[in-house]
Every structure is written in structure tokens, then in C-alpha cells.
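See below for entry07.cif, which holds mmCIF, C-alpha atoms.
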```cif
data_structure
loop_
_atom_site.label_atom_id
_atom_site.label_comp_id
_atom_site.auth_asym_id
_atom_site.auth_seq_id
_atom_site.Cartn_x
_atom_site.Cartn_y
_atom_site.Cartn_z
CA MET S 856 119.12 7.26 3.17
CA LEU S 857 122.17 6.27 1.12
CA GLN S 858 121.19 5.41 -2.46
CA PRO S 859 123.27 2.59 -4.05
CA SER S 860 123.64 4.60 -7.25
CA SER S 861 124.81 7.77 -5.46
CA PRO S 862 128.38 9.12 -5.43
CA ALA S 863 128.53 8.40 -1.70
CA CYS S 864 127.93 4.70 -2.35
CA ARG S 865 130.66 4.63 -4.97
CA HIS S 866 133.02 6.34 -2.54
CA LEU S 867 132.20 3.65 0.03
CA VAL S 868 133.20 0.92 -2.43
CA ILE S 869 136.45 2.78 -3.18
CA LEU S 870 137.15 3.04 0.55
CA ILE S 871 136.66 -0.70 1.02
CA VAL S 872 139.05 -1.46 -1.83
CA GLY S 873 141.58 0.96 -0.32
CA LEU S 874 141.43 -0.79 3.03
CA ILE S 875 142.09 -4.11 1.33
CA LEU S 876 145.12 -2.79 -0.52
CA ALA S 877 146.45 -1.10 2.60
CA THR S 878 146.42 -4.22 4.81
CA PRO S 879 146.62 -7.34 2.60
CA VAL S 880 148.55 -9.39 5.17
CA THR S 881 145.81 -9.00 7.78
CA TYR S 882 143.08 -10.20 5.45
CA ALA S 883 145.19 -13.04 4.08
CA GLN S 884 145.88 -14.25 7.62
CA ALA S 885 142.16 -14.11 8.47
CA TRP S 886 141.43 -16.19 5.36
CA LYS S 887 143.95 -18.83 6.43
CA GLU S 888 142.24 -19.18 9.81
CA THR S 889 138.78 -19.60 8.26
CA GLY S 890 137.62 -23.16 7.56
CA VAL S 891 136.18 -23.90 4.12
CA ARG S 892 132.43 -24.50 4.34
CA PRO S 893 130.62 -26.27 1.49
CA TRP S 894 127.76 -23.80 0.84
CA TRP S 895 127.53 -20.06 0.37
CA VAL S 896 124.92 -17.37 -0.36
CA GLY S 897 125.30 -13.64 -0.85
CA LEU S 898 123.49 -10.34 -1.30
CA GLU S 899 125.01 -7.83 -3.74
CA LEU S 900 124.24 -4.09 -3.87
CA GLY S 901 125.82 -1.31 -5.89
CA ASP S 902 125.83 0.85 -8.97
CA GLY S 903 125.63 -0.28 -12.59
CA GLN S 904 126.63 1.88 -15.55
CA ILE S 905 124.33 0.37 -18.16
CA LYS S 906 123.98 0.97 -21.90
CA LEU S 907 121.06 -0.18 -24.06
CA SER S 908 121.47 -0.19 -27.84
CA SER S 909 120.31 -1.86 -31.06
CA ASP S 910 120.98 -1.86 -34.79
CA GLN S 911 118.81 1.27 -35.06
CA PHE S 912 119.79 3.03 -31.82
CA ARG S 913 123.11 3.78 -30.13
CA GLY S 914 122.56 4.43 -26.44
CA THR S 915 124.65 6.06 -23.73
CA ARG S 916 125.63 4.74 -20.32
CA ASN S 917 123.33 5.60 -17.44
CA SER S 918 123.60 4.90 -13.73
CA ALA S 919 121.19 2.24 -12.42
CA PHE S 920 120.61 0.63 -9.04
CA ALA S 921 122.12 -2.89 -9.04
CA LEU S 922 120.74 -5.71 -6.88
CA GLY S 923 121.76 -9.37 -6.93
CA PHE S 924 121.47 -12.67 -5.10
CA VAL S 925 124.10 -15.37 -5.47
CA GLY S 926 124.83 -18.75 -3.95
CA GLY S 927 126.10 -22.23 -4.56
CA HIS S 928 128.63 -24.91 -3.62
CA THR S 929 132.31 -24.51 -2.73
CA LEU S 930 134.88 -26.81 -4.38
CA GLY S 931 137.69 -26.91 -1.83
CA ASN S 932 139.53 -23.63 -1.35
CA ARG S 933 140.27 -22.88 -5.03
CA ALA S 934 136.83 -22.54 -6.68
CA ARG S 935 133.09 -22.35 -6.14
CA LEU S 936 130.08 -22.86 -8.40
CA GLY S 937 126.84 -20.94 -8.12
CA LEU S 938 123.73 -19.33 -9.53
CA GLU S 939 123.38 -15.56 -9.73
CA LEU S 940 120.12 -13.61 -10.02
CA ASN S 941 120.77 -9.92 -10.55
CA GLY S 942 119.39 -6.87 -12.29
CA TRP S 943 119.49 -3.13 -12.90
CA LEU S 944 116.54 -0.81 -12.36
CA LEU S 945 116.26 1.86 -15.04
CA GLN S 946 112.85 3.15 -13.94
CA SER S 947 110.93 2.22 -10.81
CA PHE S 948 107.81 0.08 -11.22
CA ASN S 949 104.51 1.26 -9.75
CA ASN S 950 101.57 -1.04 -8.98
CA ASN S 951 99.23 1.94 -9.37
CA ASN S 952 100.61 2.90 -12.77
CA PRO S 953 101.22 -0.01 -15.16
CA ALA S 954 102.71 2.36 -17.77
CA VAL S 955 106.00 2.90 -15.90
CA GLY S 956 108.95 0.65 -15.09
CA GLU S 957 112.01 -0.58 -16.96
CA SER S 958 114.69 -3.09 -15.94
CA VAL S 959 117.28 -5.57 -17.20
CA SER S 960 117.96 -8.75 -15.23
CA ASN S 961 120.08 -11.89 -15.50
CA VAL S 962 119.90 -15.52 -14.45
CA LEU S 963 123.47 -16.83 -14.67
CA GLY S 964 125.49 -19.88 -13.82
CA ILE S 965 128.81 -18.64 -12.42
CA VAL S 966 132.24 -19.90 -11.40
CA ASP S 967 134.46 -18.10 -8.89
CA ALA S 968 138.13 -19.11 -9.09
CA PHE S 969 140.71 -18.27 -6.42
CA PRO S 970 144.00 -18.15 -8.38
CA ILE S 971 146.32 -17.38 -5.43
CA PRO S 972 146.38 -20.05 -2.69
CA ARG S 973 145.05 -18.93 0.71
CA THR S 974 144.17 -15.48 -0.62
CA PRO S 975 140.51 -14.39 -0.95
CA LEU S 976 140.97 -12.74 -4.35
CA PHE S 977 138.58 -14.33 -6.85
CA LEU S 978 137.88 -14.11 -10.57
CA ARG S 979 134.31 -14.65 -11.78
CA ALA S 980 132.88 -15.82 -15.10
CA GLY S 981 129.35 -16.82 -15.99
CA ALA S 982 126.71 -17.20 -18.69
CA GLY S 983 122.95 -17.49 -18.81
CA LEU S 984 119.71 -15.71 -19.67
CA ALA S 985 119.02 -11.96 -19.92
CA LEU S 986 115.50 -10.59 -19.38
CA TYR S 987 114.29 -7.13 -20.38
CA GLN S 988 111.07 -5.60 -19.07
CA ASN S 989 109.69 -2.25 -20.26
CA ASN S 990 106.20 -1.12 -19.24
CA ARG S 991 106.50 2.30 -20.84
CA PRO S 992 104.25 3.18 -23.80
CA GLY S 993 105.86 1.67 -26.89
CA GLY S 994 108.10 -0.59 -24.78
CA PHE S 995 108.41 -4.34 -25.34
CA ASN S 996 109.62 -7.17 -23.12
CA SER S 997 112.21 -9.60 -24.47
CA SER S 998 114.98 -12.05 -23.56
CA GLY S 999 118.30 -13.36 -24.83
CA TRP S 1000 121.66 -14.81 -23.85
CA SER S 1001 124.11 -13.02 -21.53
CA TRP S 1002 127.55 -13.40 -19.98
CA THR S 1003 129.66 -11.78 -17.28
CA VAL S 1004 133.30 -11.53 -16.18
CA GLY S 1005 134.75 -9.80 -13.14
CA GLY S 1006 136.56 -10.15 -9.87
CA GLY S 1007 136.44 -9.38 -6.18
CA TYR S 1008 138.18 -9.71 -2.85
CA GLU S 1009 136.33 -11.34 0.04
CA ILE S 1010 137.23 -9.88 3.43
CA PRO S 1011 136.52 -12.41 6.22
CA LEU S 1012 134.48 -10.70 8.94
CA THR S 1013 133.79 -13.83 11.00
CA ARG S 1014 134.14 -17.55 10.43
CA SER S 1015 130.83 -17.53 8.54
CA PHE S 1016 130.52 -14.05 7.01
CA GLY S 1017 132.58 -12.07 4.54
CA LEU S 1018 132.37 -8.70 2.77
CA ALA S 1019 133.44 -8.56 -0.88
CA PRO S 1020 133.86 -5.48 -3.11
CA ILE S 1021 133.26 -6.65 -6.69
CA VAL S 1022 133.84 -5.09 -10.11
CA ASP S 1023 132.40 -6.83 -13.16
CA TYR S 1024 131.27 -6.40 -16.73
CA ALA S 1025 128.14 -8.01 -18.19
CA ALA S 1026 126.64 -7.98 -21.68
CA GLY S 1027 124.01 -9.79 -23.66
CA SER S 1028 121.34 -9.90 -26.32
CA LEU S 1029 117.79 -8.69 -25.72
CA GLY S 1030 116.24 -10.02 -28.93
CA ASP S 1031 114.39 -8.28 -31.75
CA VAL S 1032 111.08 -6.44 -31.97
CA ARG S 1033 109.22 -6.65 -35.30
CA ASN S 1034 105.58 -5.55 -35.46
CA VAL S 1035 103.31 -2.94 -37.03
CA ILE S 1036 104.41 -0.35 -34.45
CA THR S 1037 108.19 -0.65 -34.62
CA VAL S 1038 111.13 -2.66 -35.92
CA ASN S 1039 114.05 -2.78 -33.50
CA THR S 1040 116.65 -5.46 -34.23
CA GLY S 1041 119.85 -6.54 -32.51
CA ARG S 1042 118.80 -5.19 -29.14
CA ARG S 1043 121.56 -5.61 -26.57
CA TYR S 1044 122.96 -4.26 -23.34
CA SER S 1045 126.29 -3.89 -21.56
CA VAL S 1046 126.96 -2.83 -17.98
CA VAL S 1047 129.94 -2.07 -15.76
CA GLU S 1048 129.18 -2.75 -12.09
CA PHE S 1049 130.71 -1.55 -8.84
CA LYS S 1050 129.12 -3.33 -5.91
CA ALA S 1051 129.62 -4.81 -2.46
CA ALA S 1052 128.44 -8.26 -1.38
CA ILE S 1053 127.82 -9.72 2.06
CA ILE S 1054 128.49 -13.47 1.86
CA TRP S 1055 127.42 -16.18 4.30
CA HIS S 1056 129.25 -19.52 4.37
CA PHE S 1057 127.47 -22.45 6.01
CA GLY S 1058 127.55 -26.21 6.38
CA ARG S 1059 130.12 -28.48 8.01
CA SER S 1060 133.66 -27.15 7.56
CA LYS S 1061 136.03 -29.12 5.35
#
```

Could you render the structure as C-alpha cells?
Amino acid sequence: MLQPSSPACRHLVILIVGLILATPVTYAQAWKETGVRPWWVGLELGDGQIKLSSDQFRGTRNSAFALGFVGGHTLGNRARLGLELNGWLLQSFNNNNPAVGESVSNVLGIVDAFPIPRTPLFLRAGAGLALYQNNRPGGFNSSGWSWTVGGGYEIPLTRSFGLAPIVDYAAGSLGDVRNVITVNTGRRYSVVEFKAAIIWHFGRSK
């Protein structure tokens, strides 16, 4: 089974981007022929290079499985608003072992802008809440503010579905830990993501 964080998955994303760059006229024409529908939802999968750090600890980037759900309302053919729920798994959780599992996740309000008319290239920006969960011994859960910027190119597959390779950067605060066991202040994260999204457009076409 292909793992989203494997080199093969990253090569797949590179291949998709290469196909887009090789035949831009074909995809632009397909976009022109696609009606604009008012609602959209998407599933995002890929690889995140994530770094956790604090005032006391300088971390290194590690590969983590990235999973996200996104959706919202389209504003004509130049922008769309949405909500994104995504995260990065640093260690798998186990119902039979409550002492394992670590992840970072986001709940973000996002805006996708299409700067070039009738071209499915989009730029994304968003802000919201970051959540950190760590079940390991000595680990502590926390939350803070987060933000993201990035971009993608949505390839129309049918009138309702599209495939979008996306590259983005996200960062945020994970709060402080101050107790008798440890003091860990200024906890934060940053992540560079390479992912692919399958997007479904629905509702009456405009």
C-alpha cells in the first residue's frame, strides 16, 4: 500500500505538477467549459514536513502523514470561502495503549483566490486554531492560534470533480506548559506540505 509520507507519494505529486505544466492549454480550456457551482468540498492527502520547537527546545523537521477536509462556498469564478480541518500524525494512536500517539491539527477559515481569469490556479490564505495532542509519558495537550498560506492548481476531471496538487506552509502557537514536572514556554510548530486534493463541486451552476 502506498503511504502518503513515502517517496513514491511525493513523486506522484511531482508527476501531477509536471503534467499541469506540460499541457496548460488543455486544462485551461477544460476550466472554461466547466460551470461555476456554488458549493465545494474536498479531501486532501499528502506529506507534511513538520517542526516542533519552543523557547527551550529547537526541533528538526520530520515527515508526517497529512490529512485534511475542506469545503465552503464559491464566490463567482474568482474566489471561494471555506473551512479547513487538517492535521499531521507524528505517532499513531492506539486504543489499547493510551500512552502512545502524537498529532498537530488545525481548524482554519480559508480563502482561495483565482488571480488569473478562467485559469484554475489558486492562492490560499487562512487563520484559525491549532490543537496539539501528545499521549506519550511527559506529554501535554495544548492549543493556540495558527495560519497558513499556499497555492494549488485544480485540474477539472469532470463537470463536478477536480484534482488539485497543493503546496502550502502553516505555522502557529501551541501554548505554554508550566507545572511541577516541566516548564516549556513558547511552544510552536511550522510545516511545509505537499499534498493532492480531490474536490467535488455541487449545487446549481451559476

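With only C-alpha atoms as the atoms that count, the minimum distance from Ala934 (chain S) to the choices S:Asp1031, S:Asp902, S:Glu957, S:Asp967 is reached by S:Asp967.
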
Pull out every residue that the PyMOL selection byres ((chain S and resi 1032) around 12) matches in the shown coordinates and put them as a CSV table (one decimal) with C-alpha atoms, in the frame of the given file.
```
chain,number,residue,atom,x,y,z
S,909,SER,CA,120.3,-1.9,-31.1
S,910,ASP,CA,121.0,-1.9,-34.8
S,911,GLN,CA,118.8,1.3,-35.1
S,993,GLY,CA,105.9,1.7,-26.9
S,994,GLY,CA,108.1,-0.6,-24.8
S,995,PHE,CA,108.4,-4.3,-25.3
S,996,ASN,CA,109.6,-7.2,-23.1
S,997,SER,CA,112.2,-9.6,-24.5
S,998,SER,CA,115.0,-12.0,-23.6
S,1029,LEU,CA,117.8,-8.7,-25.7
S,1030,GLY,CA,116.2,-10.0,-28.9
S,1031,ASP,CA,114.4,-8.3,-31.8
S,1033,ARG,CA,109.2,-6.6,-35.3
S,1034,ASN,CA,105.6,-5.6,-35.5
S,1035,VAL,CA,103.3,-2.9,-37.0
S,1036,ILE,CA,104.4,-0.4,-34.4
S,1037,THR,CA,108.2,-0.6,-34.6
S,1038,VAL,CA,111.1,-2.7,-35.9
S,1039,ASN,CA,114.0,-2.8,-33.5
S,1040,THR,CA,116.6,-5.5,-34.2
S,1041,GLY,CA,119.8,-6.5,-32.5
S,1042,ARG,CA,118.8,-5.2,-29.1
S,1043,ARG,CA,121.6,-5.6,-26.6
```

*Counting all atoms listed in the file, which of S:Thr974, S:Asn950, S:Ser1015, S:Ser1060 gets nearest to Gly897 (chain S)?*
S:Ser1015

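Interatomic distance, CA of Trp943 (chain S) against CA of His1056 (chain S): 25.7 Å.
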
With 5 Å on each side, where is the centre of the axis-aligned box around all listed atoms of region 943-952 of chain S, and how long are its edges in Å to one decimal, as AutoDock Vina command-line options?
```
--center_x 109.4 --center_y 0.0 --center_z -12.0 --size_x 30.3 --size_y 16.3 --size_z 16.1
```

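Counting all atoms listed in the file, the residue from S:Thr1003, S:Asn949, S:Asn932, S:Ser1028 that sits nearest to Asn990 (chain S) is S:Asn949.
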
Would you mind writing region 957-989 of chain S with N, CA and C atoms, as a tab-separated table (two decimals), in the frame of the given file?
```
chain	number	residue	atom	x	y	z
S	957	GLU	N	111.10	-0.01	-15.97
S	957	GLU	CA	112.01	-0.58	-16.96
S	957	GLU	C	113.19	-1.21	-16.22
S	958	SER	N	113.57	-2.42	-16.61
S	958	SER	CA	114.69	-3.09	-15.94
S	958	SER	C	115.32	-4.12	-16.87
S	959	VAL	N	116.57	-4.46	-16.57
S	959	VAL	CA	117.28	-5.57	-17.20
S	959	VAL	C	117.72	-6.50	-16.08
S	960	SER	N	117.54	-7.80	-16.26
S	960	SER	CA	117.96	-8.75	-15.23
S	960	SER	C	118.61	-9.97	-15.87
S	961	ASN	N	119.35	-10.72	-15.05
S	961	ASN	CA	120.08	-11.89	-15.50
S	961	ASN	C	119.80	-13.09	-14.61
S	962	VAL	N	119.84	-14.26	-15.20
S	962	VAL	CA	119.90	-15.52	-14.45
S	962	VAL	C	121.12	-16.25	-15.00
S	963	LEU	N	122.18	-16.36	-14.18
S	963	LEU	CA	123.47	-16.83	-14.67
S	963	LEU	C	124.01	-17.99	-13.84
S	964	GLY	N	124.63	-18.93	-14.50
S	964	GLY	CA	125.49	-19.88	-13.82
S	964	GLY	C	126.88	-19.30	-13.76
S	965	ILE	N	127.51	-19.30	-12.58
S	965	ILE	CA	128.81	-18.64	-12.42
S	965	ILE	C	129.84	-19.57	-11.80
S	966	VAL	N	131.11	-19.23	-12.03
S	966	VAL	CA	132.24	-19.90	-11.40
S	966	VAL	C	133.15	-18.83	-10.82
S	967	ASP	N	133.46	-18.95	-9.53
S	967	ASP	CA	134.46	-18.10	-8.89
S	967	ASP	C	135.73	-18.92	-8.70
S	968	ALA	N	136.85	-18.43	-9.24
S	968	ALA	CA	138.13	-19.11	-9.09
S	968	ALA	C	139.05	-18.27	-8.22
S	969	PHE	N	139.76	-18.93	-7.30
S	969	PHE	CA	140.71	-18.27	-6.42
S	969	PHE	C	142.12	-18.63	-6.90
S	970	PRO	N	142.75	-17.78	-7.72
S	970	PRO	CA	144.00	-18.15	-8.38
S	970	PRO	C	145.22	-18.18	-7.46
S	971	ILE	N	145.18	-17.44	-6.34
S	971	ILE	CA	146.32	-17.38	-5.43
S	971	ILE	C	145.97	-18.17	-4.17
S	972	PRO	N	146.71	-19.22	-3.85
S	972	PRO	CA	146.38	-20.05	-2.69
S	972	PRO	C	146.28	-19.23	-1.40
S	973	ARG	N	145.26	-19.54	-0.60
S	973	ARG	CA	145.05	-18.93	0.71
S	973	ARG	C	144.92	-17.41	0.65
S	974	THR	N	144.45	-16.91	-0.47
S	974	THR	CA	144.17	-15.48	-0.62
S	974	THR	C	142.76	-15.32	-1.17
S	975	PRO	N	141.91	-14.47	-0.55
S	975	PRO	CA	140.51	-14.39	-0.95
S	975	PRO	C	140.23	-13.54	-2.18
S	976	LEU	N	141.20	-13.39	-3.06
S	976	LEU	CA	140.97	-12.74	-4.35
S	976	LEU	C	140.34	-13.75	-5.29
S	977	PHE	N	139.22	-13.39	-5.94
S	977	PHE	CA	138.58	-14.33	-6.85
S	977	PHE	C	138.27	-13.68	-8.19
S	978	LEU	N	138.27	-14.50	-9.22
S	978	LEU	CA	137.88	-14.11	-10.57
S	978	LEU	C	136.58	-14.81	-10.91
S	979	ARG	N	135.64	-14.09	-11.51
S	979	ARG	CA	134.31	-14.65	-11.78
S	979	ARG	C	134.01	-14.65	-13.27
S	980	ALA	N	133.38	-15.72	-13.73
S	980	ALA	CA	132.88	-15.82	-15.10
S	980	ALA	C	131.54	-16.54	-15.07
S	981	GLY	N	130.64	-16.17	-15.98
S	981	GLY	CA	129.35	-16.82	-15.99
S	981	GLY	C	128.60	-16.57	-17.29
S	982	ALA	N	127.55	-17.34	-17.50
S	982	ALA	CA	126.71	-17.20	-18.69
S	982	ALA	C	125.30	-17.64	-18.34
S	983	GLY	N	124.32	-17.11	-19.09
S	983	GLY	CA	122.95	-17.49	-18.81
S	983	GLY	C	121.95	-16.69	-19.63
S	984	LEU	N	120.85	-16.33	-19.01
S	984	LEU	CA	119.71	-15.71	-19.67
S	984	LEU	C	119.55	-14.26	-19.24
S	985	ALA	N	119.32	-13.36	-20.20
S	985	ALA	CA	119.02	-11.96	-19.92
S	985	ALA	C	117.54	-11.71	-20.16
S	986	LEU	N	116.92	-10.92	-19.29
S	986	LEU	CA	115.50	-10.59	-19.38
S	986	LEU	C	115.34	-9.07	-19.36
S	987	TYR	N	114.55	-8.57	-20.29
S	987	TYR	CA	114.29	-7.13	-20.38
S	987	TYR	C	112.80	-6.87	-20.21
S	988	GLN	N	112.46	-5.95	-19.29
S	988	GLN	CA	111.07	-5.60	-19.07
S	988	GLN	C	110.90	-4.09	-19.20
S	989	ASN	N	109.94	-3.66	-20.02
S	989	ASN	CA	109.69	-2.25	-20.26
S	989	ASN	C	108.19	-2.01	-20.33
```
